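**Q** Contents are TSV, C-alpha atoms; file name protein-v1.tsv:
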chain	number	residue	atom	x	y	z
A	1	MET	CA	2.16	-10.67	-2.40
A	2	TYR	CA	-0.15	-13.28	-3.93
A	3	ASP	CA	-2.05	-13.58	-0.66
A	4	LEU	CA	-2.90	-9.85	-0.46
A	5	THR	CA	-6.20	-8.44	-1.58
A	6	GLY	CA	-6.20	-5.90	-4.38
A	7	PHE	CA	-6.90	-3.19	-1.82
A	8	GLN	CA	-3.92	-4.26	0.27
A	9	ARG	CA	-1.68	-4.20	-2.82
A	10	ASP	CA	-2.92	-0.69	-3.60
A	11	LEU	CA	-2.12	0.34	-0.03
A	12	LEU	CA	1.40	-1.01	-0.41
A	13	TYR	CA	1.92	0.86	-3.68
A	14	VAL	CA	0.67	4.14	-2.17
A	15	ILE	CA	2.83	3.79	0.94
A	16	GLY	CA	5.84	2.99	-1.25
A	17	GLY	CA	5.20	6.06	-3.39
A	18	LEU	CA	4.87	8.59	-0.58
A	19	ASP	CA	7.38	9.73	2.03
A	20	GLU	CA	6.28	8.27	5.39
A	21	PRO	CA	2.58	8.93	4.79
A	22	HIS	CA	0.11	9.04	7.64
A	23	GLY	CA	-3.27	7.30	7.47
A	24	LEU	CA	-5.17	10.33	6.21
A	25	ALA	CA	-2.72	10.92	3.34
A	26	ILE	CA	-3.00	7.27	2.32
A	27	LYS	CA	-6.79	7.48	2.55
A	28	GLU	CA	-6.87	10.60	0.34
A	29	GLU	CA	-4.67	9.00	-2.33
A	30	LEU	CA	-6.86	5.91	-2.46
A	31	GLU	CA	-10.04	7.97	-2.58
A	32	LYS	CA	-8.67	9.76	-5.67
A	33	TYR	CA	-7.92	6.43	-7.32
A	34	TYR	CA	-11.14	4.64	-6.33
A	35	GLU	CA	-13.25	7.78	-6.77
A	36	LYS	CA	-15.18	7.01	-3.61
A	37	GLU	CA	-14.82	7.35	0.13
A	38	ILE	CA	-12.57	4.89	1.94
A	39	HIS	CA	-13.88	4.31	5.45
A	40	HIS	CA	-11.57	4.04	8.45
A	41	GLY	CA	-13.02	0.60	9.17
A	42	ARG	CA	-11.59	-0.61	5.88
A	43	LEU	CA	-8.35	1.35	5.84
A	44	TYR	CA	-6.80	0.71	9.24
A	45	PRO	CA	-7.43	-3.05	9.56
A	46	ASN	CA	-5.82	-3.51	6.13
A	47	LEU	CA	-2.86	-1.34	7.14
A	48	ASP	CA	-2.50	-3.50	10.25
A	49	THR	CA	-2.52	-6.62	8.07
A	50	LEU	CA	0.38	-5.22	6.02
A	51	VAL	CA	2.25	-4.49	9.26
A	52	ASP	CA	1.51	-8.01	10.58
A	53	LYS	CA	2.82	-9.54	7.34
A	54	GLY	CA	6.08	-7.59	7.67
A	55	LEU	CA	5.54	-5.57	4.49
A	56	VAL	CA	5.02	-2.22	6.23
A	57	GLU	CA	6.32	-0.65	9.43
A	58	LYS	CA	4.17	1.66	11.53
A	59	GLY	CA	5.79	4.52	13.38
A	60	THR	CA	4.45	7.28	15.60
A	61	ARG	CA	4.67	10.92	14.60
A	62	ASP	CA	2.77	12.22	17.63
A	63	ARG	CA	0.16	10.91	20.04
A	64	ARG	CA	-2.56	10.90	17.38
A	65	THR	CA	-0.67	10.31	14.15
A	66	ASN	CA	1.04	7.18	12.86
A	67	PHE	CA	3.15	7.01	9.73
A	68	TYR	CA	3.90	4.06	7.50
A	69	THR	CA	6.96	2.92	5.55
A	70	VAL	CA	7.55	-0.06	3.30
A	71	THR	CA	10.00	-2.58	4.76
A	72	ARG	CA	12.79	-4.23	2.77
A	73	ARG	CA	10.59	-7.27	2.41
A	74	GLY	CA	7.79	-5.04	1.15
A	75	GLN	CA	10.16	-3.45	-1.37
A	76	ARG	CA	11.19	-6.88	-2.65
A	77	GLU	CA	7.56	-7.89	-2.94
A	78	LEU	CA	6.77	-4.71	-4.91
A	79	GLU	CA	9.74	-5.29	-7.22
A	80	ASP	CA	8.75	-8.92	-7.80
A	81	ARG	CA	5.18	-7.90	-8.50
A	82	ARG	CA	6.28	-5.26	-11.03
A	83	GLN	CA	8.45	-7.81	-12.83
A	84	TRP	CA	5.58	-10.26	-12.91
A	85	GLU	CA	3.20	-7.57	-14.25
A	86	ASP	CA	5.71	-6.40	-16.86
A	87	GLN	CA	5.93	-9.82	-18.47
A	88	TYR	CA	2.24	-9.54	-19.33
A	89	VAL	CA	1.61	-5.86	-19.98
A	90	GLU	CA	4.92	-4.23	-20.84
A	91	GLU	CA	4.19	-4.11	-24.57
A	92	LEU	CA	0.67	-2.80	-23.97
A	93	VAL	CA	1.77	0.27	-22.00
A	94	GLU	CA	4.69	1.43	-24.13
Show me, as structure tokens, the structure contained in the file I just sent.
**A**
Amino acid sequence: MYDLTGFQRDLLYVIGGLDEPHGLAIKEELEKYYEKEIHHGRLYPNLDTLVDKGLVEKGTRDRRTNFYTVTRRGQRELEDRRQWEDQYVEELVE
């Protein structure tokens, strides 16, 4: 996970927290968090990067809609990241 950008990590967290989200649902969640518009030209290439790295799988819901799920490897990466974060901030967020 160390080689992901912050945006890619945020994508992974959002995908992991939603049930097979499609691109628009992911985009909307990130726009709430970032409080600004996320353009397709930023979103989809970064989703493809997560797929290429084996952290996310892309499926097809219909001819126009893809959905995304976190792979086992992606889940392990998220768990490892949370453990790493907790060693530094656990006491701050209690």
**Q** Up to 12 Å from (-4.4, -0.2, 10.2) in the file's coordinates: name the residues, counting all atoms listed in the file, as a ChimeraX atom specification.
**A** /A:8,11,22-24,26-27,39-52,56-59,65-68
**Q** Hey, what's within 10 Å of Arg9 of chain A if we count all atoms listed in the file and toss same-chain stuff fewer than 6 positions away? As a list in words, please?
**A**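 Surrounding residues, per the criterion: Met1, Tyr2, Asp3, Ile15, Asn46, Leu50, Glu77, Leu78 and Arg81 of chain A.
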**Q** Considering all atoms listed in the file, can you say which of A:Arg82, A:Tyr13, A:Gln75, A:Val70 comes closest to Tyr33 of chain A?
**A**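 Of the candidates, the smallest distance to Tyr33 of chain A is held by A:Tyr13.
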**Q** Which is closer to Glu79 of chain A than all the others in A:Ala25, A:Phe7, A:Arg61, A:Leu12, using all atoms listed in the file?
**A**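 The answer is A:Leu12, which sits nearest to Glu79 of chain A.
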**Q** In Å to one decimal, how far is atom CA of Glu94 of chain A from atom CA of Asp19 of chain A?
**A**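 Atom CA of Glu94 of chain A lies 27.6 Å from atom CA of Asp19 of chain A.
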**Q** Taking all atoms listed in the file into account, which of A:Glu85, A:Glu91, A:Glu29, A:Glu35 comes nearest Val14 of chain A?
**A** A:Glu29
**Q** In Å, rounded to a single decimal, give me how far atom CA of Gln83 of chain A is from atom CA of Gly54 of chain A.
**A** 20.6 Å
**Q** Have a look at atom CA of Leu18 of chain A and atom CA of Arg76 of chain A and let me know their distance in Å, one decimal.
**A**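 Distance reported for this atom pair: 16.8 Å.
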